[in-house]
$ cat target05.cif   # mmCIF, C-alpha atoms
data_start
loop_
_atom_site.label_atom_id
_atom_site.label_comp_id
_atom_site.auth_asym_id
_atom_site.auth_seq_id
_atom_site.Cartn_x
_atom_site.Cartn_y
_atom_site.Cartn_z
CA MET A 1 0.00 0.00 0.00
CA ASP A 2 1.47 3.37 -1.01
CA GLY A 3 1.09 6.68 0.82
CA SER A 4 -1.98 7.82 -1.08
CA GLU A 5 -3.76 4.51 -0.47
CA ALA A 6 -2.91 4.68 3.23
CA GLU A 7 -4.35 8.19 3.45
CA ALA A 8 -7.51 7.12 1.62
CA LEU A 9 -7.92 4.18 4.00
CA HIS A 10 -7.44 6.50 7.00
CA ASP A 11 -10.14 8.85 5.71
CA LEU A 12 -12.47 5.91 5.04
CA PHE A 13 -12.26 4.53 8.57
CA ALA A 14 -12.43 8.01 10.09
CA ASP A 15 -15.75 8.49 8.31
CA TYR A 16 -17.06 5.21 9.73
CA ASP A 17 -15.93 6.34 13.20
CA ARG A 18 -18.10 9.43 12.77
CA ARG A 19 -21.06 7.43 11.46
CA PHE A 20 -20.97 4.98 14.36
CA ALA A 21 -20.72 7.87 16.83
CA GLU A 22 -23.67 9.63 15.19
CA ALA A 23 -25.76 6.45 15.29
CA MET A 24 -25.01 5.84 18.96
CA ALA A 25 -25.81 9.46 19.80
CA LYS A 26 -29.35 8.76 18.55
CA LEU A 27 -29.79 5.52 20.54
CA PRO A 28 -33.22 5.71 22.21
CA ASP A 29 -33.48 5.54 25.99
CA ARG A 30 -35.56 2.36 26.10
CA ARG A 31 -37.25 1.07 29.27
CA PRO A 32 -37.91 -2.65 28.87
CA TRP A 33 -39.74 -2.88 32.21
CA LEU A 34 -42.64 -0.93 30.67
CA PRO A 35 -44.90 -3.25 28.60
CA ALA A 36 -45.32 -0.84 25.68
CA GLU A 37 -41.59 -0.18 25.39
CA ARG A 38 -40.80 -3.90 25.75
CA GLU A 39 -43.08 -4.58 22.78
CA GLU A 40 -41.31 -1.84 20.81
CA ILE A 41 -37.95 -3.47 21.57
CA ARG A 42 -39.29 -6.77 20.28
CA ALA A 43 -40.60 -5.10 17.14
CA VAL A 44 -37.17 -3.59 16.47
CA VAL A 45 -35.54 -7.00 17.05
CA ARG A 46 -37.82 -8.60 14.47
CA ARG A 47 -37.15 -5.79 12.02
CA CYS A 48 -33.36 -5.97 12.42
CA LEU A 49 -33.28 -9.75 12.16
CA GLY A 50 -35.71 -9.70 9.26
CA ILE A 51 -38.10 -12.27 10.73
CA ARG A 52 -41.82 -12.67 10.25
CA ALA A 53 -44.28 -14.70 12.31
CA ASP A 54 -45.57 -16.51 9.20
CA TRP A 55 -42.03 -17.72 8.46
CA GLN A 56 -41.69 -19.71 11.69
CA PRO A 57 -41.42 -23.42 10.89
CA ARG A 58 -42.68 -26.52 12.68
CA ILE A 59 -40.41 -29.33 13.86
CA THR A 60 -41.45 -32.79 12.68
CA ILE A 61 -39.41 -35.73 13.98
CA ARG A 62 -38.72 -38.18 11.15
CA HIS A 63 -36.48 -40.68 12.93
CA ARG A 64 -35.05 -41.26 16.39
CA ARG A 65 -32.71 -43.75 18.01
CA ARG A 66 -31.21 -44.16 21.48
CA SER A 67 -27.74 -44.46 22.91
CA CYS A 68 -26.93 -44.89 26.60
CA SER A 69 -24.36 -43.41 28.94
CA GLN A 70 -23.81 -43.15 32.69
CA GLY A 71 -27.19 -42.32 34.24
CA PHE A 72 -28.84 -40.96 31.10
CA VAL A 73 -29.82 -41.74 27.53
CA VAL A 74 -29.39 -39.69 24.38
CA GLN A 75 -32.01 -39.62 21.68
CA HIS A 76 -30.55 -38.84 18.26
CA LEU A 77 -33.31 -36.91 16.48
CA ARG A 78 -33.64 -36.52 12.74
CA ALA A 79 -36.28 -33.95 11.74
CA THR A 80 -37.52 -31.35 9.28
CA SER A 81 -38.32 -27.73 10.06
CA TRP A 82 -39.41 -25.86 6.92
CA PRO A 83 -40.50 -28.09 4.01
CA GLY A 84 -37.39 -29.71 2.55
CA VAL A 85 -35.13 -28.37 5.33
CA HIS A 86 -33.50 -31.15 7.34
CA THR A 87 -32.41 -30.62 10.92
CA CYS A 88 -31.20 -32.71 13.85
CA ALA A 89 -30.66 -32.60 17.60
CA HIS A 90 -29.61 -34.61 20.61
CA LEU A 91 -32.11 -34.95 23.43
CA TYR A 92 -30.51 -35.98 26.74
CA LEU A 93 -32.91 -37.65 29.17
CA PRO A 94 -32.36 -38.93 32.73
CA ALA A 95 -32.32 -42.73 32.72
CA HIS A 96 -34.66 -42.98 35.73
CA ALA A 97 -36.97 -40.00 35.36
CA GLY A 98 -40.15 -41.53 36.82
CA THR A 99 -43.57 -40.39 35.66
CA ASP A 100 -43.39 -36.68 36.50
CA ARG A 101 -42.88 -34.21 33.71
CA LEU A 102 -39.27 -33.13 33.34
CA PRO A 103 -37.81 -29.64 33.45
CA ALA A 104 -35.89 -28.97 30.24
CA VAL A 105 -32.96 -26.90 29.04
CA LEU A 106 -32.43 -25.79 25.45
CA LEU A 107 -28.65 -25.69 24.99
CA CYS A 108 -27.89 -23.29 22.15
CA CYS A 109 -24.70 -24.08 20.24
CA GLY A 110 -22.20 -21.42 19.21
CA HIS A 111 -19.26 -21.89 16.87
CA GLY A 112 -17.77 -24.88 18.66
CA ALA A 113 -16.35 -27.39 16.15
CA GLY A 114 -18.85 -30.11 15.33
CA GLY A 115 -21.94 -28.30 16.57
CA LYS A 116 -23.77 -30.46 19.12
CA HIS A 117 -20.81 -32.88 19.14
CA CYS A 118 -18.45 -30.17 20.47
CA PRO A 119 -16.94 -31.49 23.74
CA GLY A 120 -17.88 -28.33 25.67
CA TYR A 121 -21.55 -28.64 24.75
CA GLN A 122 -21.57 -32.37 25.46
CA LYS A 123 -20.04 -31.81 28.90
CA MET A 124 -22.61 -29.16 29.79
CA ALA A 125 -25.48 -31.33 28.54
CA ALA A 126 -24.21 -34.33 30.54
CA HIS A 127 -23.82 -32.15 33.64
CA LEU A 128 -27.38 -30.82 33.40
CA VAL A 129 -29.07 -34.14 32.60
CA ARG A 130 -27.44 -35.67 35.66
CA LEU A 131 -28.90 -32.83 37.71
CA GLY A 132 -32.29 -34.03 36.51
CA ALA A 133 -33.15 -31.91 33.44
CA ALA A 134 -33.91 -33.00 29.91
CA VAL A 135 -31.43 -31.20 27.62
CA LEU A 136 -32.09 -30.48 23.94
CA VAL A 137 -29.06 -29.62 21.78
CA PRO A 138 -29.97 -28.83 18.14
CA ASP A 139 -27.50 -28.13 15.35
CA ASN A 140 -27.98 -24.60 14.05
CA ILE A 141 -28.49 -24.00 10.34
CA GLY A 142 -25.22 -24.73 8.53
CA GLN A 143 -23.40 -26.06 11.60
CA GLY A 144 -22.56 -29.54 12.86
CA GLU A 145 -24.15 -32.19 10.66
CA ARG A 146 -25.92 -29.42 8.75
CA GLU A 147 -22.75 -27.77 7.47
CA PRO A 148 -23.67 -28.45 3.79
CA MET A 149 -26.52 -25.93 4.14
CA GLY A 150 -24.11 -22.97 4.30
CA HIS A 151 -23.62 -20.58 7.20
CA ALA A 152 -20.55 -18.40 7.69
CA ASP A 153 -20.66 -16.74 4.26
CA ALA A 154 -24.34 -17.19 3.38
CA VAL A 155 -25.33 -13.87 1.80
CA ALA A 156 -28.75 -14.97 0.51
CA PRO A 157 -30.67 -14.18 3.75
CA PHE A 158 -29.51 -10.55 3.63
CA ALA A 159 -30.20 -10.20 -0.09
CA CYS A 160 -33.74 -11.47 0.57
CA GLY A 161 -34.43 -9.04 3.43
CA SER A 162 -33.65 -11.32 6.36
CA SER A 163 -30.47 -12.40 8.21
CA MET A 164 -28.62 -15.56 9.11
CA GLN A 165 -29.29 -14.98 12.81
CA GLY A 166 -32.95 -14.38 12.05
CA LEU A 167 -33.32 -17.80 10.43
CA ILE A 168 -31.57 -19.45 13.37
CA VAL A 169 -33.87 -17.67 15.85
CA LEU A 170 -36.98 -18.74 13.92
CA GLU A 171 -35.95 -22.38 13.76
CA THR A 172 -34.86 -22.45 17.41
CA MET A 173 -38.24 -21.08 18.48
CA ALA A 174 -39.77 -24.01 16.58
CA TRP A 175 -37.63 -26.38 18.67
CA LEU A 176 -38.96 -24.63 21.80
CA ASP A 177 -42.51 -25.18 20.53
CA TRP A 178 -41.67 -28.86 20.06
CA LEU A 179 -40.31 -29.11 23.61
CA GLU A 180 -43.41 -27.44 25.06
CA GLN A 181 -45.65 -29.93 23.26
CA ASP A 182 -43.70 -33.02 24.32
CA SER A 183 -45.72 -34.91 26.96
CA ARG A 184 -42.52 -35.76 28.88
CA ILE A 185 -41.63 -32.08 29.41
CA ASP A 186 -43.04 -29.56 31.89
CA PRO A 187 -43.72 -26.52 29.65
CA ALA A 188 -43.56 -24.18 32.67
CA ARG A 189 -39.96 -25.22 33.41
CA ILE A 190 -38.02 -24.71 30.17
CA ALA A 191 -34.80 -22.67 30.17
CA ALA A 192 -32.40 -21.58 27.43
CA ILE A 193 -28.63 -21.31 27.80
CA GLY A 194 -25.74 -20.63 25.44
CA ASN A 195 -22.18 -19.35 25.19
CA SER A 196 -20.57 -17.15 22.51
CA GLY A 197 -22.76 -17.61 19.40
CA GLY A 198 -25.12 -19.55 21.66
CA GLY A 199 -25.07 -16.52 23.97
CA THR A 200 -26.19 -14.40 21.01
CA LEU A 201 -29.07 -16.77 20.35
CA THR A 202 -30.20 -16.91 24.00
CA LEU A 203 -30.08 -13.11 24.14
CA PHE A 204 -32.71 -12.95 21.38
CA LEU A 205 -34.75 -15.90 22.65
CA GLY A 206 -34.90 -14.39 26.14
CA ALA A 207 -36.23 -11.11 24.74
CA LEU A 208 -38.76 -12.66 22.34
CA ARG A 209 -39.96 -15.69 24.27
CA ASP A 210 -42.04 -14.98 27.39
CA GLY A 211 -42.55 -18.68 28.12
CA LEU A 212 -38.92 -19.34 29.05
CA ALA A 213 -38.64 -19.97 32.78
CA ALA A 214 -34.96 -18.96 32.98
CA VAL A 215 -32.20 -17.72 30.67
CA SER A 216 -28.41 -17.76 30.75
CA SER A 217 -26.37 -15.89 28.13
CA SER A 218 -22.60 -16.12 28.46
CA GLY A 219 -19.52 -15.24 26.45
CA TYR A 220 -21.40 -12.52 24.55
CA PRO A 221 -23.16 -9.88 26.71
CA SER A 222 -21.42 -6.58 25.89
CA THR A 223 -22.65 -4.06 23.28
CA PHE A 224 -23.82 -4.47 19.70
CA GLU A 225 -21.72 -1.44 18.79
CA PHE A 226 -18.57 -3.21 20.02
CA VAL A 227 -19.38 -6.30 17.94
CA ALA A 228 -20.24 -4.18 14.89
CA ARG A 229 -17.02 -2.16 14.96
CA LYS A 230 -14.68 -5.14 15.03
CA GLU A 231 -12.43 -4.76 12.00
CA LYS A 232 -12.54 -8.45 11.11
CA HIS A 233 -14.26 -10.93 8.83
CA HIS A 234 -17.35 -11.90 10.86
CA CYS A 235 -19.28 -15.12 10.57
CA LEU A 236 -22.48 -13.78 8.99
CA CYS A 237 -24.63 -15.01 11.88
CA ASN A 238 -22.98 -12.16 13.83
CA VAL A 239 -24.18 -9.49 11.38
CA LEU A 240 -27.40 -7.83 12.59
CA PRO A 241 -28.68 -5.28 10.07
CA GLY A 242 -29.60 -1.86 11.40
CA ILE A 243 -29.18 -2.68 15.08
CA VAL A 244 -26.49 -0.07 15.90
CA GLY A 245 -28.18 3.05 17.20
CA GLN A 246 -31.51 1.25 17.59
CA LEU A 247 -30.97 -1.37 20.30
CA GLU A 248 -28.34 -2.45 22.80
CA MET A 249 -27.88 -5.71 24.63
CA GLY A 250 -29.03 -4.21 27.90
CA HIS A 251 -32.41 -3.51 26.30
CA LEU A 252 -32.85 -7.16 25.29
CA LEU A 253 -31.60 -8.55 28.60
CA GLY A 254 -33.98 -6.21 30.42
CA CYS A 255 -36.88 -7.82 28.52
CA VAL A 256 -36.20 -11.09 30.36
CA ALA A 257 -37.26 -9.48 33.67
CA PRO A 258 -38.76 -10.54 36.01
CA ARG A 259 -37.71 -14.09 35.05
CA PRO A 260 -34.40 -15.49 36.38
CA LEU A 261 -31.39 -14.45 34.28
CA LEU A 262 -27.70 -15.30 34.59
CA ILE A 263 -24.99 -13.67 32.47
CA CYS A 264 -21.37 -14.67 32.91
CA GLN A 265 -17.97 -14.32 31.28
CA GLY A 266 -14.37 -15.32 31.81
CA ASP A 267 -12.09 -12.52 33.01
CA ARG A 268 -9.52 -13.47 30.33
CA ASP A 269 -12.00 -13.58 27.46
CA VAL A 270 -10.09 -11.97 24.57
CA LEU A 271 -13.25 -11.53 22.45
CA PHE A 272 -15.20 -9.31 24.87
CA ALA A 273 -13.86 -6.74 27.31
CA SER A 274 -14.62 -7.16 31.01
CA ASP A 275 -15.50 -3.47 31.30
CA LEU A 276 -18.29 -3.93 28.74
CA PHE A 277 -19.59 -6.94 30.65
CA HIS A 278 -19.75 -4.84 33.84
CA ARG A 279 -21.55 -2.09 31.93
CA VAL A 280 -24.27 -4.33 30.50
CA ALA A 281 -24.62 -6.03 33.90
CA ARG A 282 -25.27 -2.65 35.50
CA GLN A 283 -27.85 -1.73 32.85
CA THR A 284 -29.62 -5.07 33.21
CA ARG A 285 -29.60 -4.86 36.99
CA GLU A 286 -31.30 -1.45 36.74
CA ALA A 287 -34.02 -2.93 34.50
CA TYR A 288 -34.58 -5.76 36.98
CA ALA A 289 -34.74 -3.30 39.89
CA CYS A 290 -37.35 -1.25 38.02
CA SER A 291 -39.29 -4.48 37.50
CA GLY A 292 -39.16 -5.24 41.22
CA ALA A 293 -37.11 -8.37 40.59
CA GLU A 294 -33.47 -7.42 41.26
CA ASN A 295 -32.87 -10.69 43.14
CA GLN A 296 -33.69 -12.64 39.96
CA PHE A 297 -30.68 -11.24 38.06
CA HIS A 298 -27.17 -12.64 38.46
CA ALA A 299 -23.95 -11.50 36.76
CA GLU A 300 -20.64 -13.29 37.29
CA LEU A 301 -17.20 -12.44 35.93
CA VAL A 302 -15.23 -15.59 36.70
CA PRO A 303 -11.61 -16.67 36.27
CA GLY A 304 -11.24 -18.17 32.81
CA GLU A 305 -11.23 -17.62 29.07
CA HIS A 306 -13.98 -17.53 26.44
CA SER A 307 -15.36 -21.06 26.48
CA TRP A 308 -17.33 -22.85 29.18
CA ASP A 309 -15.14 -24.60 31.72
CA ASP A 310 -15.68 -26.58 34.93
CA ARG A 311 -16.36 -23.43 36.95
CA ARG A 312 -19.09 -22.33 34.54
CA TYR A 313 -20.61 -25.82 34.31
CA GLN A 314 -21.05 -25.60 38.07
CA LEU A 315 -22.22 -21.97 38.04
CA ILE A 316 -24.84 -22.45 35.33
CA GLY A 317 -25.85 -25.83 36.73
CA SER A 318 -26.46 -24.35 40.19
CA PHE A 319 -28.46 -21.48 38.67
CA LEU A 320 -30.71 -23.91 36.78
CA ALA A 321 -31.03 -26.27 39.75
CA ARG A 322 -32.50 -23.37 41.74
CA THR A 323 -34.67 -21.81 39.08
CA LEU A 324 -36.05 -25.03 37.54
CA ASP A 325 -36.26 -26.91 40.85
CA LEU A 326 -34.07 -29.75 39.58
CA PRO A 327 -34.10 -32.91 41.69
CA HIS A 328 -30.31 -32.93 42.19
CA ALA A 329 -28.21 -29.99 43.41
CA GLU A 330 -24.84 -31.45 42.40
CA VAL A 331 -23.24 -34.19 40.32
CA LYS A 332 -21.09 -36.76 42.11
CA GLU A 333 -20.44 -39.28 39.32
CA PRO A 334 -17.32 -39.04 37.11
CA ASP A 335 -17.73 -37.49 33.67
CA PRO A 336 -19.19 -39.90 31.10
CA PRO A 337 -17.40 -40.62 27.81
CA LEU A 338 -18.14 -38.23 24.95
CA LEU A 339 -20.21 -39.20 21.95
CA ALA A 340 -18.01 -40.05 18.99
CA ALA A 341 -17.98 -37.61 16.09
CA ALA A 342 -19.17 -40.46 13.86
CA ASP A 343 -22.22 -41.04 16.11
CA THR A 344 -24.47 -38.83 13.99
CA CYS A 345 -28.22 -38.41 13.52
CA PHE A 346 -27.98 -38.75 9.73
CA PRO A 347 -26.04 -41.57 8.04
CA GLY A 348 -25.15 -38.97 5.41
CA TRP A 349 -26.47 -35.56 4.49
CA PRO A 350 -29.70 -35.99 2.44
CA ARG A 351 -29.22 -35.20 -1.24
CA GLU A 352 -32.61 -33.54 -1.45
CA ALA A 353 -31.98 -31.25 1.55
CA ARG A 354 -32.41 -27.55 0.84
CA ASN A 355 -29.56 -25.16 1.55
CA VAL A 356 -29.79 -21.62 2.91
CA THR A 357 -30.14 -20.04 -0.53
CA GLN A 358 -33.00 -22.37 -1.46
CA LEU A 359 -34.66 -21.81 1.92
CA MET A 360 -34.61 -18.04 1.48
CA ALA A 361 -36.07 -18.30 -2.01
CA GLN A 362 -38.82 -20.50 -0.56
CA LEU A 363 -39.63 -18.08 2.26
CA SER A 364 -39.29 -14.75 0.48
CA GLY A 365 -40.11 -15.53 -3.12
CA THR A 366 -36.96 -13.63 -4.04
CA ARG A 367 -34.44 -15.08 -6.47
CA PHE A 368 -30.85 -14.81 -5.29
CA ALA A 369 -28.23 -14.07 -7.94
CA ARG A 370 -25.29 -16.44 -7.67
CA GLY A 371 -22.04 -14.63 -6.94
CA THR A 372 -23.68 -11.84 -4.93
CA GLU A 373 -21.34 -10.57 -2.22
CA LEU A 374 -22.26 -8.84 1.02
CA TRP A 375 -21.04 -5.52 -0.39
CA ASP A 376 -23.53 -5.91 -3.25
CA VAL A 377 -26.34 -6.05 -0.67
CA PHE A 378 -24.89 -3.32 1.57
CA PRO A 379 -22.97 -1.04 -0.84
CA ILE A 380 -19.68 0.38 0.39
CA PRO A 381 -18.16 3.76 -0.60
CA PRO A 382 -16.91 3.73 -4.23
CA GLN A 383 -13.37 4.66 -3.20
CA ALA A 384 -13.10 1.47 -1.17
CA HIS A 385 -13.08 -0.59 -4.36
CA ALA A 386 -9.90 1.17 -5.49
CA LEU A 387 -8.00 0.04 -2.38
CA PRO A 388 -6.23 -3.31 -1.95
CA PRO A 389 -8.83 -5.74 -0.55
CA GLU A 390 -6.38 -7.79 1.52
CA THR A 391 -6.11 -6.93 5.21
CA PRO A 392 -4.68 -8.94 8.13
CA ARG A 393 -8.25 -9.75 9.27
CA GLY A 394 -10.13 -10.36 6.05
CA ASP A 395 -11.34 -8.72 2.85
CA LEU A 396 -11.63 -4.93 3.29
CA ARG A 397 -14.83 -4.89 1.22
CA ARG A 398 -16.43 -7.52 3.45
CA ILE A 399 -15.45 -5.64 6.63
CA LEU A 400 -16.90 -2.38 5.32
CA ALA A 401 -20.06 -4.14 4.12
CA GLN A 402 -20.50 -5.48 7.64
CA PHE A 403 -20.22 -1.90 8.93
CA GLU A 404 -22.86 -0.82 6.40
CA ALA A 405 -25.15 -3.67 7.46
CA PHE A 406 -24.99 -2.80 11.15
CA LEU A 407 -25.61 0.87 10.32
CA ALA A 408 -28.40 0.25 7.81
CA SER A 409 -31.49 2.36 8.35
#
$ encode --input "target05.cif" --output "structure tokens"
Amino acid sequence: MDGSEAEALHDLFADYDRRFAEAMAKLPDRRPWLPAEREEIRAVVRRCLGIRADWQPRITIRHRRRSCSQGFVVQHLRATSWPGVHTCAHLYLPAHAGTDRLPAVLLCCGHGAGGKHCPGYQKMAAHLVRLGAAVLVPDNIGQGEREPMGHADAVAPFACGSSMQGLIVLETMAWLDWLEQDSRIDPARIAAIGNSGGGTLTLFLGALRDGLAAVSSSGYPSTFEFVARKEKHHCLCNVLPGIVGQLEMGHLLGCVAPRPLLICQGDRDVLFASDLFHRVARQTREAYACSGAENQFHAELVPGEHSWDDRRYQLIGSFLARTLDLPHAEVKEPDPPLLAAADTCFPGWPREARNVTQLMAQLSGTRFARGTELWDVFPIPPQAHALPPETPRGDLRRILAQFEAFLAS
């Protein structure tokens, strides 16, 4: 890069600094403890994610089989959500549950390798099922066994007026509907938890889903502005169109009140600053206090890094044991062996399965032009195309298009 290019790049990013500052200066002072303002927050969430009520699918189980471990069984579920869209999940069930309906936990996966097979998710699921909860762990669209669908670079949802995160939220709410309708599950005692990308998902589920009895979002609570301004190639499920200057995480977390909520983070998490965690914790605590439920909110900055570890298994497990009235307060047995990566729900990915592009065409009626890039959907300044696209953290055009998406009006 020569001197003139460096100066042009400086001016480009300086302009984005101004635009982000201007957007945040207009951020509304939202009060999620007031019913009318909580509904407005939810309306903005739906608009930013690009989701519609008539797009929500229905989970239909097509095949299930069992495998056994120490004190619990795992049902390997093969299902469809939207017509032609194949999905799958593991349902962990206590081996000796009796006849009473079970409390349940929806464990939302993040970007852990292998989706529901990721060791960290398996360990959490095994910990919670041995406390006495049923635990459902679905693979998100394009992750785990569903990787052939497309995920990280799927532009079609944005080109069709939606978002990758929006599709994931819609399908996950269908899994919650399925849990509520299962005769083995107590619909009044269903919680949602998740870390990192799973923390993103639980943040939205907690705000949109009144029926959840408890919520835990970890490894994510901070600010949308901080996520948006990262000068890196994001997984597209992190890109939330138009949210900067409209909503902040404290608004969504405040919508969970007065229900029990736990947010937590490792003090050495390199992805999210501790100071931002303390800030959103303070904002959420204020919302809970205004709701008359301050004792239902818990925020913990614990020793550790980004991913769940033994301390957080215990922390989240204890929180759920209290809030869901689980039959066991602690786990005394040694950890069970992990499921093998080859122990899948599908013997192979179905040839007829629809991918993300086909799903969006089905939902929106919009035809997606092959080769469309994110900067075609969210145009970047013309001068950016004259600069070298290579940067240490991804394609410059993609990074700027992400900025434009978050700032979209």
$ atom_distance --input "target05.cif" --atom1 "CA of Leu387 in chain A" --atom2 "CA of Leu9 in chain A"
7.6 Å
$ residues_near_point --input "target05.cif" --point "(-36.0, -26.4, 17.8)" --cutoff "12 Å" --atoms "all atoms listed in the file" --output "number ranges by chain"
A: 56-61, 77-82, 86-91, 105-109, 135-141, 167-181, 192, 205
$ residues_near_point --input "target05.cif" --point "(-23.0, -14.0, 24.6)" --cutoff "7 Å" --atoms "only C-alpha atoms" --output "PyMOL selection string"
chain A and resi 195-200+217-221
$ atom_distance --input "target05.cif" --atom1 "CA of Asp309 in chain A" --atom2 "CA of His233 in chain A"
26.7 Å
$ residues_around --input "target05.cif" --residues "range 276-279 of chain A" --least-positions-apart "2" --cutoff "9 Å" --atoms "all atoms listed in the file" --output "PyMOL selection string"
chain A and resi 220-223+226+250+263-265+272-274+281-284+299+301
$ closest_residue --input "target05.cif" --among "A:Leu271, A:Val215, A:Ala293, A:Ala287" --to "Glu305 in chain A" --atoms "only C-alpha atoms"
A:Leu271
$ resolve_selection --input "target05.cif" --expression "the PyMOL selection byres ((chain A and resi 390-394) around 9)" --output "PyMOL selection string"
chain A and resi 231-234+387-389+395-399
$ write_last_selection --input "target05.cif" --atoms "C-alpha atoms" --output "mmCIF file, in the frame of the given file"
data_model
loop_
_atom_site.group_PDB
_atom_site.id
_atom_site.type_symbol
_atom_site.label_atom_id
_atom_site.label_comp_id
_atom_site.auth_asym_id
_atom_site.auth_seq_id
_atom_site.Cartn_x
_atom_site.Cartn_y
_atom_site.Cartn_z
ATOM 1 C CA GLU A 231 -12.430 -4.760 12.000
ATOM 2 C CA LYS A 232 -12.540 -8.450 11.110
ATOM 3 C CA HIS A 233 -14.260 -10.930 8.830
ATOM 4 C CA HIS A 234 -17.350 -11.900 10.860
ATOM 5 C CA LEU A 387 -8.000 0.040 -2.380
ATOM 6 C CA PRO A 388 -6.230 -3.310 -1.950
ATOM 7 C CA PRO A 389 -8.830 -5.740 -0.550
ATOM 8 C CA ASP A 395 -11.340 -8.720 2.850
ATOM 9 C CA LEU A 396 -11.630 -4.930 3.290
ATOM 10 C CA ARG A 397 -14.830 -4.890 1.220
ATOM 11 C CA ARG A 398 -16.430 -7.520 3.450
ATOM 12 C CA ILE A 399 -15.450 -5.640 6.630
#
$ closest_residue --input "target05.cif" --among "A:Gly242, A:Pro336, A:Pro381, A:Pro327" --to "Arg47 in chain A" --atoms "all atoms listed in the file"
A:Gly242
$ residues_around --input "target05.cif" --residues "Met24 in chain A" --least-positions-apart "3" --cutoff "7 Å" --atoms "only C-alpha atoms" --output "list in words"
Phe20, Ala21, Leu27, Val244 and Gly245 of chain A
$ residues_around --input "target05.cif" --residues "Ala97 in chain A" --least-positions-apart "3" --cutoff "10 Å" --atoms "all atoms listed in the file" --output "list in words"
Phe72, Leu93, Pro94, Asp100, Arg101, Leu102, Gly132, Ala133, Ala134, Arg184 and Pro327 of chain A
$ atom_distance --input "target05.cif" --atom1 "CA of Pro260 in chain A" --atom2 "CA of Ala214 in chain A"
4.9 Å
$ resolve_selection --input "target05.cif" --expression "the PyMOL selection byres ((chain A and resi 344-355) around 7)" --output "PyMOL selection string"
chain A and resi 76-78+84-86+88+149-150+341-343+356-359
$ closest_residue --input "target05.cif" --among "A:Arg268, A:Lys332, A:Lys26, A:Arg209" --to "Glu39 in chain A" --atoms "all atoms listed in the file"
A:Arg209
$ resolve_selection --input "target05.cif" --expression "the PyMOL selection byres ((chain A and resi 206) around 10)" --output "PDB file with C-alpha atoms, in the coordinates of the input"
ATOM      1  CA  ALA A 191     -34.800 -22.670  30.170  1.00  0.00           C
ATOM      2  CA  ALA A 192     -32.400 -21.580  27.430  1.00  0.00           C
ATOM      3  CA  ILE A 193     -28.630 -21.310  27.800  1.00  0.00           C
ATOM      4  CA  LEU A 201     -29.070 -16.770  20.350  1.00  0.00           C
ATOM      5  CA  THR A 202     -30.200 -16.910  24.000  1.00  0.00           C
ATOM      6  CA  LEU A 203     -30.080 -13.110  24.140  1.00  0.00           C
ATOM      7  CA  PHE A 204     -32.710 -12.950  21.380  1.00  0.00           C
ATOM      8  CA  LEU A 205     -34.750 -15.900  22.650  1.00  0.00           C
ATOM      9  CA  ALA A 207     -36.230 -11.110  24.740  1.00  0.00           C
ATOM     10  CA  LEU A 208     -38.760 -12.660  22.340  1.00  0.00           C
ATOM     11  CA  ARG A 209     -39.960 -15.690  24.270  1.00  0.00           C
ATOM     12  CA  ASP A 210     -42.040 -14.980  27.390  1.00  0.00           C
ATOM     13  CA  GLY A 211     -42.550 -18.680  28.120  1.00  0.00           C
ATOM     14  CA  LEU A 212     -38.920 -19.340  29.050  1.00  0.00           C
ATOM     15  CA  ALA A 213     -38.640 -19.970  32.780  1.00  0.00           C
ATOM     16  CA  ALA A 214     -34.960 -18.960  32.980  1.00  0.00           C
ATOM     17  CA  VAL A 215     -32.200 -17.720  30.670  1.00  0.00           C
ATOM     18  CA  SER A 216     -28.410 -17.760  30.750  1.00  0.00           C
ATOM     19  CA  SER A 217     -26.370 -15.890  28.130  1.00  0.00           C
ATOM     20  CA  LEU A 252     -32.850  -7.160  25.290  1.00  0.00           C
ATOM     21  CA  LEU A 253     -31.600  -8.550  28.600  1.00  0.00           C
ATOM     22  CA  GLY A 254     -33.980  -6.210  30.420  1.00  0.00           C
ATOM     23  CA  CYS A 255     -36.880  -7.820  28.520  1.00  0.00           C
ATOM     24  CA  VAL A 256     -36.200 -11.090  30.360  1.00  0.00           C
ATOM     25  CA  ALA A 257     -37.260  -9.480  33.670  1.00  0.00           C
ATOM     26  CA  ARG A 259     -37.710 -14.090  35.050  1.00  0.00           C
ATOM     27  CA  LEU A 261     -31.390 -14.450  34.280  1.00  0.00           C
TER      28      LEU A 261
END
$ closest_residue --input "target05.cif" --among "A:Cys160, A:Leu236, A:Ala25, A:Ala152" --to "Gln362 in chain A" --atoms "only C-alpha atoms"
A:Cys160
$ residues_around --input "target05.cif" --residues "Pro28 in chain A" --least-positions-apart "2" --cutoff "12 Å" --atoms "all atoms listed in the file" --output "ChimeraX atom specification"
/A:23-26,30-32,37,40-41,44,243-248,251
$ closest_residue --input "target05.cif" --among "A:Ala384, A:Ala405, A:Ala154, A:Leu240" --to "Cys48 in chain A" --atoms "all atoms listed in the file"
A:Leu240
$ closest_residue --input "target05.cif" --among "A:Gln70, A:Ile380, A:Ala329, A:Arg46" --to "Ser163 in chain A" --atoms "only C-alpha atoms"
A:Arg46
$ residues_around --input "target05.cif" --residues "Phe368 in chain A" --least-positions-apart "2" --cutoff "9 Å" --atoms "only C-alpha atoms" --output "CSV table (one decimal) with C-alpha atoms, in the coordinates of the input"
chain,number,residue,atom,x,y,z
A,156,ALA,CA,-28.8,-15.0,0.5
A,159,ALA,CA,-30.2,-10.2,-0.1
A,160,CYS,CA,-33.7,-11.5,0.6
A,357,THR,CA,-30.1,-20.0,-0.5
A,358,GLN,CA,-33.0,-22.4,-1.5
A,360,MET,CA,-34.6,-18.0,1.5
A,361,ALA,CA,-36.1,-18.3,-2.0
A,366,THR,CA,-37.0,-13.6,-4.0
A,370,ARG,CA,-25.3,-16.4,-7.7
A,371,GLY,CA,-22.0,-14.6,-6.9
A,372,THR,CA,-23.7,-11.8,-4.9
